[in-house]
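For reference, the structure discussed in these notes is given below.
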Amino acid sequence: MADIIRAELYNLKRSRGYKWLLAVDAALCVLLIVSLLLQHRVVYSGKLLFENGFRDFLFIIICAVFAGLSIGADFSSRTINRHIASGYERVSVLAGKTAVYFIAAVPLFSIYPIISGIAGSLIWSWGEPLTASSIAHIALVFIMSATLNLGICGFFVFCSFLLQDAGKSIACSIVGHLVLSTMLRMIGRAVPWFGKITNLLPISLIEQVGELSASGKGIFLALASGAVSALFFVLAAYAVYRKAELK
Amino acid sequence: MNEYILQTHNISKEYNGVKTLDDVSVSIRAGRLYGFIGQNGAGKTTLFRIIAGLSCPTSGRLSLFGASGGKELAAARRRMGSLIETPALYPDMTAYENLEIHQVRAKTKDRRAINETLELVSLTDTGKKRAKDFSLGMKQRLAIGAALVGDPEFLLLDEPINGLDPLGIAEMREALRRLCSERKMTILISSHLLPELYQLASNYIFIDRGRILEETTLSRLCEKCARHISITVNDTALAASVLERDLGASNFKAAPDGTIELFDFVDRPEAVSKALVERGVALSRISAESESLESYFINLIGGGERG
């Protein structure tokens with residue numbers, strides 16, 4: 001697996017698609033901050049913008065696009081086959097590619113909360129005195145949010161290994177994420193017992209990271225939900241990829 | 001040392017109930033260059049994909065460098081280089097980087113080996129041009145180069161000369177010959193360009209409709225496709241006697257319909273006709289003939305009988 005990670009990091013470093021997505025990410029970030037500034041009457045804080053930034057839908061969509069451009073495109077160009085034909089087991093290839101995708105996805109969904117947090121602090125202040133404990137809180141929120149978002153990104157990995165094509169993976173990831181999250185929320189509201197389950201999913205917990213970070217139980221819940229979701233989707237991806245006919 | 005690099009044992013492959021490979025058993029000996037010949041859809045690529053681990057057989061098993069199971073087989077594939085169907089390249093990388101990524105994966109660094117490989121496939125002057133901007137021929141050459149990185153002992157090439165210009169084909173032919181003779185590399189190559197394979201391979205495997213029809217060597221194939229003089233006479237027995245006694249020929253086949261295929265004296269048909277006529281044999285036809293690999297293959301698969 002280490003061999004595949006090394007090769008995939010080498011590939012990521014040279015990926016134009018990833019560089020473009022980072023640029024789009026930064027441009028969106030600037031646009032959103034400017035739009036916040038234009039809302040003269042609303043007063044934000046750096047802390048609020050930082051915590052809310054992780055759940056912005058746009059940046060999750062960018063992660064979905066990146067899954068298609070990295071994993072899906074590898075199927076389209078058949079470069080993933082090179083690893084298999086060179087003697088690497090499919091489980092290693094899947095684990096290596098997923099690990100590098102997760103590593104690369106973190107900056108994609110973290111740029112906005114970090115920059116908006118800094119910009120918000122400069123414009124309106126952080127919202128509370130910056131002490132050692134508030135810095136620890138920032139780190140905790142970052143880890144919790146990143147884990148939950150990676151749990152969501154696991155779905156994009158699954159779509160890419162299932163459909164084995166860049167375009168189809170992107171379309172399925174975006175539409176699937178939108179439809180599934182909307183449907184789960186709707187059913188959850190209508191059926192109380194189902195609502196209890198959906199409340200444990202990363203798509204629900206990502207909206208409450210601020211509150212969850214206040215208790216040990218909440219922290220555990222967020223970390224466990226993100227990790228279990230990511231693991232679930234990676235295992236599902238392995239199930240479809242294990243004996244798949246590679247084009 | 002195992003004499004066979006690759007052996008497939010009764011491999012079959014079905015897609016939606018349709019057999020694309022039917023009980024395929026082949027043995028590839030070390031250090032030889034094999035030509036794998038078959039029509040489109042005969043099952044060549046399917047077999048190559050199974051060997052490379054991209055597809056699983058419905059039944060049967062394969063042994064590569066003596067390894068035949070799960071992890072062992074995967075480890076054995078590290079000693080193999082392959083190009084299957086279209087070139088699998090990283091589009092955003094240069095030619096150098098497309099080869100270097102293999103070394104990065106294997107945790108080795110040998111710039112000289114990369115440059116030598118680029119030289120072998122005539123891609124030394126591509127500079128910072130990205131693979132996605134390459135022509136089809138350049139992509140094909142780079143993919144062959146990628147298959148060669150790591151100095152594999154066994155090379156699996158599926159239609160490697162597709163998209164190459166005549167000069168490129170000639171260069172590739174020379175390069176493959178050198179790899180086989182100098183580095184003792186075993187090569188299994190499929191191609192539609194049968195004259196090319198005829199010039200290149202030392203062994204041949206013919207496949208049709210998922211079944212192996214024949215495994216043969218170049219010398220046997222040469223015998224089968226040999227040039228000969230075809231003679232039609234009124235008296236086969238007398239003509240045979242003249243050929244044997246007067247001309248000392250021993251290499252001929254006489255058919256009851258008056259046709260004789262003579263494999264000696266192929267450059268002197270006039271001497272043959274003179275000897276036969278002098279002995280009173282009436283010749284209705286005499287001509288020099290030979291069979292190409294192409295016509296041999298067409299005859300082998302049933303030729304004109306097929307719809």
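In the structure tokens, chains take the letters A, B, ... in the order shown, each chain's residues start at 1, and ligands count up from 1 in the order shown.
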(request) Name the residues in contact with Ile231 (chain B) at a cut-off of 12 Å, using only C-alpha atoms, excluding same-chain residues fewer than 4 positions from it; report them as JSON, numbers by chain. (result) {"B": [235, 236, 239, 240, 243, 252, 253, 254, 255, 257, 258, 259, 260, 261, 262, 263, 266, 269, 270, 272, 273, 276, 281, 282, 283, 284, 285, 286, 287, 288, 289]}
Residues of chain B at most 7 Å from chain A: nearest atom pair and distance in Å, only C-alpha atoms, as CSV:
residue,atom,partner,partner_atom,distance
B:Ala52,CA,A:Ala85,CA,4.7
B:Gly53,CA,A:Ala85,CA,5.9
B:Leu54,CA,A:Leu246,CA,5.3
B:Ser55,CA,A:Glu245,CA,5.0
B:Ala74,CA,A:Gly87,CA,4.3
B:Ala75,CA,A:Gly87,CA,5.3
B:Ala76,CA,A:Gly87,CA,6.8
B:Arg77,CA,A:Gly87,CA,4.4
B:Arg78,CA,A:Gly87,CA,4.7
B:Met80,CA,A:Ser86,CA,6.8
B:Gly81,CA,A:Ser86,CA,6.8
B:Ser82,CA,A:Ala85,CA,6.9
B:Ala88,CA,A:Thr79,CA,5.0
B:Leu89,CA,A:Thr79,CA,5.9
B:Tyr90,CA,A:Thr79,CA,6.6
B:Asp92,CA,A:Ser15,CA,6.1
B:Met93,CA,A:Arg14,CA,6.6
B:Ile101,CA,A:Ala7,CA,5.8
B:Val104,CA,A:Ala7,CA,5.9
B:Arg105,CA,A:Asp3,CA,4.7
B:Ala106,CA,A:Asp3,CA,6.4
(request) Just the residues within 10 Å of Phe57 (chain A), please, counting only C-alpha atoms, with nothing from its chain fewer than 4 positions along; format it as a VMD selection string. (result) chain A and resid 53 61 to 62 109 178
(request) Could you tell me how far CA of Trp20 (chain A) lies from CA of Ile115 (chain A), in Å and to one decimal? (result)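 Computed distance, CA of Trp20 (chain A) to CA of Ile115 (chain A), equals 18.1 Å.
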(request) Could you give me, as a PyMOL selection string, each residue of region 27-222 of chain A that DSSP assigns to alpha helix (DSSP H) when run on this structure's backbone? (result) chain A and resi 27-38+46-53+57-67+73-76+79-85+90-124+132-163+166-190+192-198+202-205+209-212+216-222
(message) Just want the 6 Å neighbourhood of region 41-51 of chain A, counted on only C-alpha atoms, with same-chain residues fewer than 6 positions away dropped. Output as a count of residues only.
(response) 9
(message) Given only C-alpha atoms as the basis, pick out the residue of B:Ile187, B:Val277, B:Val149, B:Leu247 nearest to Asn234 (chain B).
(response) B:Val277
(request) Could you please determine the separation between CA of Leu155 (chain B) and CA of Leu33 (chain B) in Å, to one decimal place? (result) 9.3 Å
(message) According to DSSP computed on the backbone, where in region 190-285 of chain B is there strand (DSSP E)? Give the residues as number ranges by chain.
(response) B: 190, 203-208, 211-217, 228-233, 252-254, 259-262, 283-285
May I have the residues from that selection written out with N, CA and C atoms, as a CSV table (one decimal), in the first residue's frame?
chain,number,residue,atom,x,y,z
B,190,SER,N,0.8,-9.8,-29.4
B,190,SER,CA,-0.3,-10.1,-30.4
B,190,SER,C,-0.4,-8.9,-31.4
B,203,ASN,N,8.1,-18.2,-32.1
B,203,ASN,CA,7.0,-19.2,-31.8
B,203,ASN,C,5.7,-18.5,-32.1
B,204,TYR,N,4.7,-19.3,-32.4
B,204,TYR,CA,3.4,-18.8,-32.8
B,204,TYR,C,2.3,-19.6,-32.1
B,205,ILE,N,1.3,-18.8,-31.7
B,205,ILE,CA,0.1,-19.4,-31.1
B,205,ILE,C,-1.1,-18.9,-31.9
B,206,PHE,N,-1.9,-19.8,-32.4
B,206,PHE,CA,-3.1,-19.4,-33.2
B,206,PHE,C,-4.3,-19.6,-32.4
B,207,ILE,N,-5.1,-18.6,-32.3
B,207,ILE,CA,-6.4,-18.7,-31.6
B,207,ILE,C,-7.6,-18.2,-32.5
B,208,ASP,N,-8.7,-19.0,-32.3
B,208,ASP,CA,-9.9,-18.6,-33.0
B,208,ASP,C,-11.1,-18.9,-32.2
B,211,ARG,N,-10.6,-20.6,-28.9
B,211,ARG,CA,-9.9,-21.9,-28.8
B,211,ARG,C,-8.5,-21.8,-29.4
B,212,ILE,N,-7.6,-22.4,-28.8
B,212,ILE,CA,-6.2,-22.5,-29.3
B,212,ILE,C,-6.2,-23.5,-30.5
B,213,LEU,N,-5.8,-23.0,-31.7
B,213,LEU,CA,-5.9,-23.9,-32.8
B,213,LEU,C,-4.5,-24.6,-33.0
B,214,GLU,N,-3.4,-23.9,-32.7
B,214,GLU,CA,-2.1,-24.5,-32.9
B,214,GLU,C,-1.1,-23.7,-32.2
B,215,GLU,N,-0.1,-24.4,-31.7
B,215,GLU,CA,1.1,-23.8,-31.2
B,215,GLU,C,2.3,-24.3,-32.0
B,216,THR,N,3.1,-23.4,-32.6
B,216,THR,CA,4.1,-23.9,-33.5
B,216,THR,C,5.4,-23.0,-33.4
B,217,THR,N,6.4,-23.5,-34.0
B,217,THR,CA,7.7,-22.7,-34.0
B,217,THR,C,7.8,-22.1,-35.4
B,228,HIS,N,7.3,-23.6,-52.9
B,228,HIS,CA,7.3,-24.9,-53.6
B,228,HIS,C,6.9,-24.7,-55.1
B,229,ILE,N,7.2,-25.8,-55.9
B,229,ILE,CA,6.8,-25.8,-57.3
B,229,ILE,C,5.6,-26.7,-57.4
B,230,SER,N,4.5,-26.1,-57.9
B,230,SER,CA,3.3,-26.9,-58.1
B,230,SER,C,3.2,-27.4,-59.5
B,231,ILE,N,3.1,-28.7,-59.7
B,231,ILE,CA,3.1,-29.3,-61.0
B,231,ILE,C,1.9,-30.1,-61.2
B,232,THR,N,1.2,-30.0,-62.4
B,232,THR,CA,0.1,-30.9,-62.7
B,232,THR,C,0.5,-31.7,-63.9
B,233,VAL,N,0.5,-33.1,-63.7
B,233,VAL,CA,1.0,-34.0,-64.8
B,233,VAL,C,-0.1,-35.0,-65.1
B,252,PHE,N,9.0,-33.9,-51.8
B,252,PHE,CA,7.8,-33.5,-52.6
B,252,PHE,C,6.6,-34.3,-52.2
B,253,LYS,N,5.5,-33.8,-52.5
B,253,LYS,CA,4.2,-34.5,-52.2
B,253,LYS,C,3.5,-34.7,-53.4
B,254,ALA,N,3.1,-36.0,-53.7
B,254,ALA,CA,2.3,-36.3,-54.9
B,254,ALA,C,0.9,-36.6,-54.5
B,259,THR,N,-1.4,-33.8,-59.1
B,259,THR,CA,-0.7,-32.6,-58.6
B,259,THR,C,0.5,-33.0,-57.7
B,260,ILE,N,1.6,-32.3,-58.0
B,260,ILE,CA,2.8,-32.6,-57.2
B,260,ILE,C,3.3,-31.3,-56.6
B,261,GLU,N,3.6,-31.3,-55.3
B,261,GLU,CA,4.2,-30.1,-54.7
B,261,GLU,C,5.6,-30.4,-54.4
B,262,LEU,N,6.5,-29.7,-55.1
B,262,LEU,CA,8.0,-30.0,-55.0
B,262,LEU,C,8.6,-28.9,-54.2
B,283,LEU,N,3.1,-32.2,-69.1
B,283,LEU,CA,2.8,-31.2,-68.0
B,283,LEU,C,1.7,-30.3,-68.5
B,284,SER,N,0.6,-30.2,-67.6
B,284,SER,CA,-0.4,-29.3,-68.0
B,284,SER,C,-0.3,-28.0,-67.2
B,285,ARG,N,0.5,-28.0,-66.1
B,285,ARG,CA,0.8,-26.7,-65.4
B,285,ARG,C,2.0,-26.9,-64.5
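One distance worth recording is that between CA of Asn98 (chain B) and CA of Thr86 (chain B), which is 15.1 Å.
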(request) Extract, using only C-alpha atoms, all DNA, RNA and protein residues at most 12 Å from Ile103 (chain A), discarding same-chain residues fewer than 5 positions from it, and format them as a list in words. (result) Ile5, Glu8, Leu9, Leu12, Cys63, Phe66, Ala67, Gly96, Lys97, Thr98, Leu108, Phe109, Ser110, Ala146, Thr147, Asn149, Leu150 and Cys153 of chain A
Write out the residues from the selection above, keeping C-alpha atoms, as a CSV table (one decimal), in the first residue's frame.
chain,number,residue,atom,x,y,z
A,5,ILE,CA,0.5,5.9,-1.8
A,8,GLU,CA,-0.3,8.5,-6.1
A,9,LEU,CA,1.3,11.4,-4.2
A,12,LEU,CA,-1.2,14.3,-7.3
A,63,CYS,CA,-14.5,17.1,-3.3
A,66,PHE,CA,-12.1,15.7,-7.4
A,67,ALA,CA,-13.0,12.1,-6.7
A,96,GLY,CA,-3.6,3.6,-1.5
A,97,LYS,CA,-5.8,5.6,-3.9
A,98,THR,CA,-8.4,6.3,-1.2
A,108,LEU,CA,-10.3,21.3,-0.6
A,109,PHE,CA,-12.9,21.5,2.1
A,110,SER,CA,-10.6,23.3,4.7
A,146,ALA,CA,-12.5,16.9,8.7
A,147,THR,CA,-13.5,13.4,9.9
A,149,ASN,CA,-16.5,15.5,5.8
A,150,LEU,CA,-14.2,12.5,5.0
A,153,CYS,CA,-16.3,11.9,0.8
(message) I want to know what sits within 12 Å of Ser160 (chain A), based on only C-alpha atoms, with residues of the same chain fewer than 3 positions away left out; could you give that as a PyMOL selection string?
(response) chain A and resi 64-76+94+97-98+101+153-157+163-174+233-234+236-238+240-241
(message) Which residues are close to Cys180 (chain B), i.e. within 12 Å by only C-alpha atoms, leaving aside same-chain residues fewer than 5 positions away? Reply as a PyMOL selection string.
(response) chain B and resi 30-34+151-155+173-175+185-189+200-202
